file protein.cif (mmCIF, C-alpha atoms)
data_target
loop_
_atom_site.group_PDB
_atom_site.id
_atom_site.type_symbol
_atom_site.label_atom_id
_atom_site.label_comp_id
_atom_site.auth_asym_id
_atom_site.auth_seq_id
_atom_site.Cartn_x
_atom_site.Cartn_y
_atom_site.Cartn_z
ATOM 1 C CA MET A 1 72.917 -12.135 10.855
ATOM 2 C CA ARG A 2 74.487 -15.014 8.944
ATOM 3 C CA ILE A 3 76.010 -17.894 10.880
ATOM 4 C CA LEU A 4 77.839 -21.098 10.035
ATOM 5 C CA LEU A 5 76.631 -24.202 11.863
ATOM 6 C CA VAL A 6 79.364 -26.860 11.961
ATOM 7 C CA GLU A 7 77.511 -29.989 13.069
ATOM 8 C CA ASP A 8 77.564 -33.544 11.674
ATOM 9 C CA ASP A 9 74.404 -34.757 13.435
ATOM 10 C CA ARG A 10 71.775 -34.174 10.753
ATOM 11 C CA GLU A 11 68.786 -34.220 13.101
ATOM 12 C CA MET A 12 70.361 -31.708 15.459
ATOM 13 C CA ALA A 13 71.502 -29.532 12.556
ATOM 14 C CA ALA A 14 67.992 -29.524 11.100
ATOM 15 C CA ALA A 15 66.394 -28.655 14.451
ATOM 16 C CA LEU A 16 68.881 -25.874 15.184
ATOM 17 C CA GLY A 17 68.571 -24.556 11.647
ATOM 18 C CA CYS A 18 64.803 -24.302 11.984
ATOM 19 C CA ALA A 19 65.072 -22.469 15.319
ATOM 20 C CA LEU A 20 67.702 -20.063 14.017
ATOM 21 C CA ARG A 21 65.757 -19.261 10.854
ATOM 22 C CA SER A 22 62.685 -18.497 12.955
ATOM 23 C CA ALA A 23 64.832 -15.831 14.632
ATOM 24 C CA ASP A 24 65.598 -14.264 11.220
ATOM 25 C CA ILE A 25 69.098 -15.747 11.002
ATOM 26 C CA ILE A 26 70.619 -17.038 7.768
ATOM 27 C CA VAL A 27 72.182 -20.471 8.364
ATOM 28 C CA ASP A 28 74.780 -22.350 6.343
ATOM 29 C CA PHE A 29 75.673 -25.936 7.303
ATOM 30 C CA ALA A 30 79.026 -27.699 7.333
ATOM 31 C CA PRO A 31 79.204 -31.307 8.626
ATOM 32 C CA THR A 32 83.023 -31.486 8.554
ATOM 33 C CA ILE A 33 86.062 -29.350 9.316
ATOM 34 C CA ASP A 34 87.050 -29.289 5.648
ATOM 35 C CA MET A 35 83.620 -28.011 4.622
ATOM 36 C CA ALA A 36 83.664 -25.435 7.427
ATOM 37 C CA ALA A 37 87.024 -24.112 6.253
ATOM 38 C CA ALA A 38 85.761 -23.923 2.673
ATOM 39 C CA SER A 39 82.599 -22.073 3.769
ATOM 40 C CA ILE A 40 84.549 -19.491 5.777
ATOM 41 C CA ALA A 41 86.877 -18.944 2.825
ATOM 42 C CA THR A 42 83.845 -18.331 0.596
ATOM 43 C CA ALA A 43 81.427 -16.299 2.739
ATOM 44 C CA SER A 44 81.432 -13.811 5.612
ATOM 45 C CA TYR A 45 79.798 -14.894 8.889
ATOM 46 C CA ASP A 46 78.691 -13.027 11.981
ATOM 47 C CA ALA A 47 79.266 -16.109 14.154
ATOM 48 C CA VAL A 48 80.167 -19.795 14.031
ATOM 49 C CA LEU A 49 78.459 -22.562 16.015
ATOM 50 C CA LEU A 50 81.068 -25.293 16.249
ATOM 51 C CA ASP A 51 80.614 -28.911 17.293
ATOM 52 C CA ARG A 52 83.677 -30.670 18.740
ATOM 53 C CA GLY A 53 83.168 -34.258 17.625
ATOM 54 C CA LEU A 54 83.386 -34.010 13.849
ATOM 55 C CA PRO A 55 84.123 -36.842 11.371
ATOM 56 C CA ASP A 56 87.489 -35.379 10.357
ATOM 57 C CA GLY A 57 88.743 -34.173 13.740
ATOM 58 C CA ASP A 58 88.190 -32.197 16.915
ATOM 59 C CA GLY A 59 86.481 -28.852 16.399
ATOM 60 C CA LEU A 60 88.946 -27.249 18.813
ATOM 61 C CA THR A 61 91.829 -28.053 16.474
ATOM 62 C CA PHE A 62 89.970 -26.224 13.716
ATOM 63 C CA LEU A 63 89.197 -23.363 16.107
ATOM 64 C CA ALA A 64 92.871 -22.863 16.923
ATOM 65 C CA THR A 65 93.628 -22.633 13.203
ATOM 66 C CA LEU A 66 90.687 -20.291 12.628
ATOM 67 C CA ARG A 67 91.914 -17.915 15.315
ATOM 68 C CA GLU A 68 95.150 -17.386 13.409
ATOM 69 C CA THR A 69 93.246 -15.586 10.639
ATOM 70 C CA SER A 70 89.832 -14.654 12.122
ATOM 71 C CA ARG A 71 90.463 -13.336 15.604
ATOM 72 C CA ASP A 72 87.250 -11.310 15.860
ATOM 73 C CA MET A 73 84.703 -13.833 14.533
ATOM 74 C CA PRO A 74 82.510 -15.002 17.440
ATOM 75 C CA VAL A 75 82.624 -18.767 17.936
ATOM 76 C CA ILE A 76 80.337 -20.735 20.258
ATOM 77 C CA VAL A 77 81.382 -24.342 20.820
ATOM 78 C CA LEU A 78 78.521 -26.865 21.044
ATOM 79 C CA THR A 79 79.497 -30.231 22.471
ATOM 80 C CA ALA A 80 78.533 -33.278 24.507
ATOM 81 C CA LYS A 81 81.762 -32.789 26.458
ATOM 82 C CA GLY A 82 80.622 -30.510 29.234
ATOM 83 C CA ASP A 83 82.863 -31.013 32.257
ATOM 84 C CA THR A 84 85.064 -28.238 33.619
ATOM 85 C CA ALA A 85 88.262 -29.413 31.936
ATOM 86 C CA ASP A 86 86.543 -29.528 28.538
ATOM 87 C CA ARG A 87 85.075 -26.052 29.003
ATOM 88 C CA ILE A 88 88.484 -24.669 29.924
ATOM 89 C CA ALA A 89 90.036 -26.344 26.876
ATOM 90 C CA GLY A 90 87.394 -24.807 24.629
ATOM 91 C CA LEU A 91 87.794 -21.308 26.009
ATOM 92 C CA ASP A 92 91.594 -21.551 25.916
ATOM 93 C CA ALA A 93 91.403 -22.643 22.274
ATOM 94 C CA GLY A 94 89.660 -19.369 21.433
ATOM 95 C CA ALA A 95 85.937 -19.992 21.906
ATOM 96 C CA ASP A 96 83.834 -16.987 22.888
ATOM 97 C CA ASP A 97 81.340 -19.268 24.611
ATOM 98 C CA TYR A 98 80.872 -22.979 25.307
ATOM 99 C CA MET A 99 77.553 -24.824 25.532
ATOM 100 C CA ALA A 100 77.170 -28.437 26.628
ATOM 101 C CA LYS A 101 74.485 -30.547 24.942
ATOM 102 C CA PRO A 102 71.597 -30.725 25.487
ATOM 103 C CA PHE A 103 70.689 -27.050 25.635
ATOM 104 C CA SER A 104 67.616 -24.962 24.867
ATOM 105 C CA THR A 105 67.424 -23.053 21.618
ATOM 106 C CA GLU A 106 66.269 -20.006 23.586
ATOM 107 C CA GLU A 107 69.534 -20.035 25.542
ATOM 108 C CA LEU A 108 71.551 -20.476 22.353
ATOM 109 C CA LEU A 109 69.820 -17.478 20.768
ATOM 110 C CA ALA A 110 70.490 -15.423 23.897
ATOM 111 C CA ARG A 111 74.171 -16.353 23.792
ATOM 112 C CA LEU A 112 74.370 -15.444 20.121
ATOM 113 C CA ARG A 113 72.919 -12.041 20.944
ATOM 114 C CA ALA A 114 75.426 -11.693 23.781
ATOM 115 C CA VAL A 115 78.494 -12.351 21.629
ATOM 116 C CA GLN A 116 77.161 -9.912 19.045
ATOM 117 C CA ARG A 117 76.880 -7.214 21.725
ATOM 118 C CA ARG A 118 80.504 -7.483 22.777
ATOM 119 C CA PRO A 119 82.362 -4.270 22.015
ATOM 120 C CA SER A 120 84.678 -4.046 19.043
ATOM 121 C CA ALA A 121 86.728 -1.140 17.785
ATOM 122 C CA LEU A 122 85.446 -1.885 14.288
ATOM 123 C CA SER A 123 81.808 -2.639 15.139
ATOM 124 C CA PRO A 124 79.945 -0.185 17.395
ATOM 125 C CA SER A 125 77.015 -1.690 19.269
ATOM 126 C CA THR A 126 74.594 1.024 18.112
ATOM 127 C CA ILE A 127 74.639 2.914 14.824
ATOM 128 C CA ARG A 128 72.671 6.112 14.238
ATOM 129 C CA ALA A 129 71.829 7.762 10.939
ATOM 130 C CA GLY A 130 69.223 10.503 10.630
ATOM 131 C CA ARG A 131 66.417 9.441 12.979
ATOM 132 C CA LEU A 132 67.217 5.757 12.474
ATOM 133 C CA VAL A 133 68.941 3.776 15.228
ATOM 134 C CA PHE A 134 70.109 0.193 14.693
ATOM 135 C CA ASP A 135 71.061 -1.885 17.740
ATOM 136 C CA MET A 136 73.605 -4.354 16.390
ATOM 137 C CA GLY A 137 73.448 -6.672 19.392
ATOM 138 C CA GLU A 138 69.670 -6.980 19.560
ATOM 139 C CA ARG A 139 69.295 -6.488 15.782
ATOM 140 C CA VAL A 140 66.448 -4.049 16.308
ATOM 141 C CA ALA A 141 65.819 -0.889 14.274
ATOM 142 C CA THR A 142 63.925 2.121 15.606
ATOM 143 C CA ILE A 143 62.915 5.526 14.275
ATOM 144 C CA ASP A 144 62.588 8.154 17.001
ATOM 145 C CA ASP A 145 62.360 5.261 19.513
ATOM 146 C CA ALA A 146 59.456 3.636 17.627
ATOM 147 C CA PRO A 147 60.182 0.074 16.405
ATOM 148 C CA LEU A 148 60.671 -0.351 12.672
ATOM 149 C CA THR A 149 59.128 -3.742 11.931
ATOM 150 C CA LEU A 150 60.671 -5.466 8.930
ATOM 151 C CA PRO A 151 60.495 -8.986 7.483
ATOM 152 C CA ARG A 152 63.660 -11.054 7.711
ATOM 153 C CA ARG A 153 65.289 -10.223 4.367
ATOM 154 C CA GLU A 154 64.695 -6.498 4.707
ATOM 155 C CA LEU A 155 66.074 -6.503 8.252
ATOM 156 C CA LEU A 156 69.191 -8.337 7.059
ATOM 157 C CA LEU A 157 69.510 -5.901 4.167
ATOM 158 C CA LEU A 158 69.227 -2.886 6.464
ATOM 159 C CA GLU A 159 71.817 -4.400 8.799
ATOM 160 C CA VAL A 160 74.308 -4.835 5.943
ATOM 161 C CA LEU A 161 73.830 -1.240 4.762
ATOM 162 C CA VAL A 162 73.925 0.251 8.266
ATOM 163 C CA ARG A 163 77.168 -1.548 9.107
ATOM 164 C CA ARG A 164 78.741 0.210 6.107
ATOM 165 C CA LEU A 165 76.982 3.539 6.517
ATOM 166 C CA GLY A 166 78.175 6.080 3.967
ATOM 167 C CA ARG A 167 79.999 3.476 1.881
ATOM 168 C CA THR A 168 78.978 1.741 -1.320
ATOM 169 C CA VAL A 169 78.175 -1.937 -0.777
ATOM 170 C CA GLN A 170 78.487 -4.213 -3.802
ATOM 171 C CA ARG A 171 75.463 -6.232 -4.897
ATOM 172 C CA ALA A 172 77.377 -9.499 -4.618
ATOM 173 C CA PHE A 173 78.346 -8.726 -1.014
ATOM 174 C CA ILE A 174 74.748 -7.906 -0.081
ATOM 175 C CA GLU A 175 73.397 -11.072 -1.688
ATOM 176 C CA GLU A 176 76.027 -13.135 0.126
ATOM 177 C CA ALA A 177 75.003 -11.580 3.447
ATOM 178 C CA ILE A 178 71.233 -12.012 3.149
ATOM 179 C CA TYR A 179 70.977 -15.344 1.330
ATOM 180 C CA GLY A 180 72.288 -18.751 2.336
ATOM 181 C CA PHE A 181 74.044 -21.189 0.023
ATOM 182 C CA ASP A 182 70.822 -23.173 -0.448
ATOM 183 C CA ASP A 183 68.559 -20.210 -1.202
ATOM 184 C CA GLU A 184 67.290 -19.740 -4.743
ATOM 185 C CA ILE A 185 67.834 -16.111 -5.746
ATOM 186 C CA GLN A 186 65.689 -14.555 -8.462
ATOM 187 C CA SER A 187 67.458 -12.035 -10.685
ATOM 188 C CA ASN A 188 65.393 -9.081 -9.399
ATOM 189 C CA ALA A 189 64.980 -10.237 -5.784
ATOM 190 C CA LEU A 190 67.485 -7.801 -4.285
ATOM 191 C CA ASP A 191 66.014 -4.873 -6.212
ATOM 192 C CA ALA A 192 62.568 -5.742 -4.857
ATOM 193 C CA HIS A 193 63.873 -5.857 -1.270
ATOM 194 C CA ILE A 194 65.630 -2.519 -1.767
ATOM 195 C CA SER A 195 62.441 -0.940 -3.123
ATOM 196 C CA ARG A 196 60.316 -2.122 -0.191
ATOM 197 C CA LEU A 197 62.927 -1.067 2.372
ATOM 198 C CA ARG A 198 63.246 2.374 0.777
ATOM 199 C CA ARG A 199 59.486 2.861 1.011
ATOM 200 C CA LYS A 200 59.301 1.837 4.658
ATOM 201 C CA LEU A 201 62.213 4.075 5.647
ATOM 202 C CA ALA A 202 60.574 7.005 3.855
ATOM 203 C CA GLU A 203 57.128 6.323 5.322
ATOM 204 C CA GLY A 204 58.636 6.129 8.809
ATOM 205 C CA GLY A 205 60.534 9.392 8.402
ATOM 206 C CA ALA A 206 63.883 7.701 9.072
ATOM 207 C CA GLY A 207 65.900 10.564 7.627
ATOM 208 C CA VAL A 208 68.071 8.189 5.588
ATOM 209 C CA GLU A 209 68.127 7.252 1.915
ATOM 210 C CA ILE A 210 69.331 4.231 -0.023
ATOM 211 C CA HIS A 211 71.174 5.350 -3.150
ATOM 212 C CA SER A 212 71.708 3.105 -6.162
ATOM 213 C CA ILE A 213 75.274 3.180 -7.455
ATOM 214 C CA ARG A 214 74.854 2.122 -11.055
ATOM 215 C CA GLY A 215 76.639 -1.105 -11.911
ATOM 216 C CA VAL A 216 78.090 -1.445 -8.403
ATOM 217 C CA GLY A 217 75.588 -1.640 -5.565
ATOM 218 C CA TYR A 218 73.901 0.514 -2.928
ATOM 219 C CA LEU A 219 74.784 3.151 -0.344
ATOM 220 C CA LEU A 220 72.905 4.216 2.795
ATOM 221 C CA ARG A 221 73.350 7.737 4.174
ATOM 222 C CA ALA A 222 71.464 10.409 6.058
ATOM 223 C CA SER A 223 69.222 12.495 3.815
#
call {"tool": "encode", "arguments": {"input": "protein.cif", "output": "structure tokens"}}
result
Amino acid sequence: MRILLVEDDREMAAALGCALRSADIIVDFAPTIDMAAASIATASYDAVLLDRGLPDGDGLTFLATLRETSRDMPVIVLTAKGDTADRIAGLDAGADDYMAKPFSTEELLARLRAVQRRPSALSPSTIRAGRLVFDMGERVATIDDAPLTLPRRELLLLEVLVRRLGRTVQRAFIEEAIYGFDDEIQSNALDAHISRLRRKLAEGGAGVEIHSIRGVGYLLRAS
């Protein structure tokens, strides 16, 4: 999962970023509405965490604009304004959820999982291929009901490929999905992740294969 955290409080952003990364989530930061808009125009996100009180305006104004072009992107509003009227305003503006500060990171992670589980015609909650099952809401992979334990990058990589099962995924798209703006990417890093993931899928008898499409990217399909 890759999320955009729109928050101008540096201490809070750093604390939330640390907690989210510990849950294997890629985090990009935007301290202003303008930077948030630029980030969304540049990268694809699974969710947005949006503060209301930003230096260049109210986050809800940005949310209303965002909903004109990104109706399905989950947005959780994070704000110090927590009374009933403010919550109603946030939900009416298009928020999928609304959390008043302070809140626990455990609750935030649970709410992120919840918005990811919501049904979508384009994104089934569970994807099966061979003996591999990927729960998109919980972000858990299993083979014949046995957990497939993967480090963060490989889990993100598998998620990207599973979401586009049977279709070629370009290298640039994969790198965008599994690395944040601030990550340093070695030239052969993706190839190394692919190699390790291939081996673990084969060793676990997943019944799927990752195919290299020369000069383009990779494709996951049942073997």
call {"tool": "residues_around", "arguments": {"input": "protein.cif", "residues": "range 212-220 of chain A", "least_positions_apart": "6", "cutoff": "8 Å", "atoms": "all atoms listed in the file", "output": "list in words"}}
result
Leu161, Val162, Arg164, Leu165, Gly166, Arg167, Thr168, Val169, Gln170 and Arg171 of chain A
call {"tool": "closest_residue", "arguments": {"input": "protein.cif", "among": "A:Leu132, A:Leu150, A:Met35, A:Ile178", "to": "Gly205 in chain A", "atoms": "only C-alpha atoms"}}
result
A:Leu132
call {"tool": "resolve_selection", "arguments": {"input": "protein.cif", "expression": "the PyMOL selection byres ((chain A and resi 182-187) around 12)", "output": "list in words"}}
result
Ile26, Val27, Asp28, Phe29, Arg153, Arg171, Ala172, Glu175, Glu176, Ala177, Ile178, Tyr179, Gly180, Phe181, Asn188, Ala189, Leu190, Asp191, Ala192 and His193 of chain A
call {"tool": "atom_distance", "arguments": {"input": "protein.cif", "atom1": "CA of Met12 in chain A", "atom2": "CA of Ile174 in chain A"}}
result
28.8 Å
call {"tool": "residues_near_point", "arguments": {"input": "protein.cif", "point": "(81.1, -20.6, 10.2)", "cutoff": "12 Å", "atoms": "all atoms listed in the file", "output": "ChimeraX atom specification"}}
result
/A:1-7,26-51,59,62-63,66,70,73-77,180
call {"tool": "atom_distance", "arguments": {"input": "protein.cif", "atom1": "CA of Ala15 in chain A", "atom2": "CA of Asp83 in chain A"}}
result
24.4 Å
call {"tool": "residues_around", "arguments": {"input": "protein.cif", "residues": "Ser22 in chain A", "least_positions_apart": "4", "cutoff": "12 Å", "atoms": "only C-alpha atoms", "output": "list of chain:residue names"}}
result
A:Ala15, A:Leu16, A:Gly17, A:Cys18, A:Ile26, A:Val27, A:Thr105, A:Glu106, A:Leu109, A:Pro151, A:Arg152
call {"tool": "resolve_selection", "arguments": {"input": "protein.cif", "expression": "the PyMOL selection byres ((chain A and resi 82) around 12)", "output": "VMD selection string"}}
result
chain A and resid 52 77 to 81 83 to 90 98 to 103
call {"tool": "atom_distance", "arguments": {"input": "protein.cif", "atom1": "CA of Val140 in chain A", "atom2": "CA of Leu155 in chain A"}}
result
8.4 Å
call {"tool": "closest_residue", "arguments": {"input": "protein.cif", "among": "A:Arg131, A:Arg221, A:Asp9, A:Asp24", "to": "Arg163 in chain A", "atoms": "only C-alpha atoms"}}
result
A:Arg221
call {"tool": "closest_residue", "arguments": {"input": "protein.cif", "among": "A:Val115, A:Ala64, A:Leu108, A:Ala23", "to": "Gly94 in chain A", "atoms": "all atoms listed in the file"}}
result
A:Ala64
call {"tool": "residues_near_point", "arguments": {"input": "protein.cif", "point": "(65.5, 11.3, 4.5)", "cutoff": "10 Å", "atoms": "only C-alpha atoms", "output": "list in words"}}
result
Ala129, Gly130, Arg131, Leu132, Arg198, Leu201, Ala202, Glu203, Gly204, Gly205, Ala206, Gly207, Val208, Glu209, Ile210, Arg221, Ala222 and Ser223 of chain A
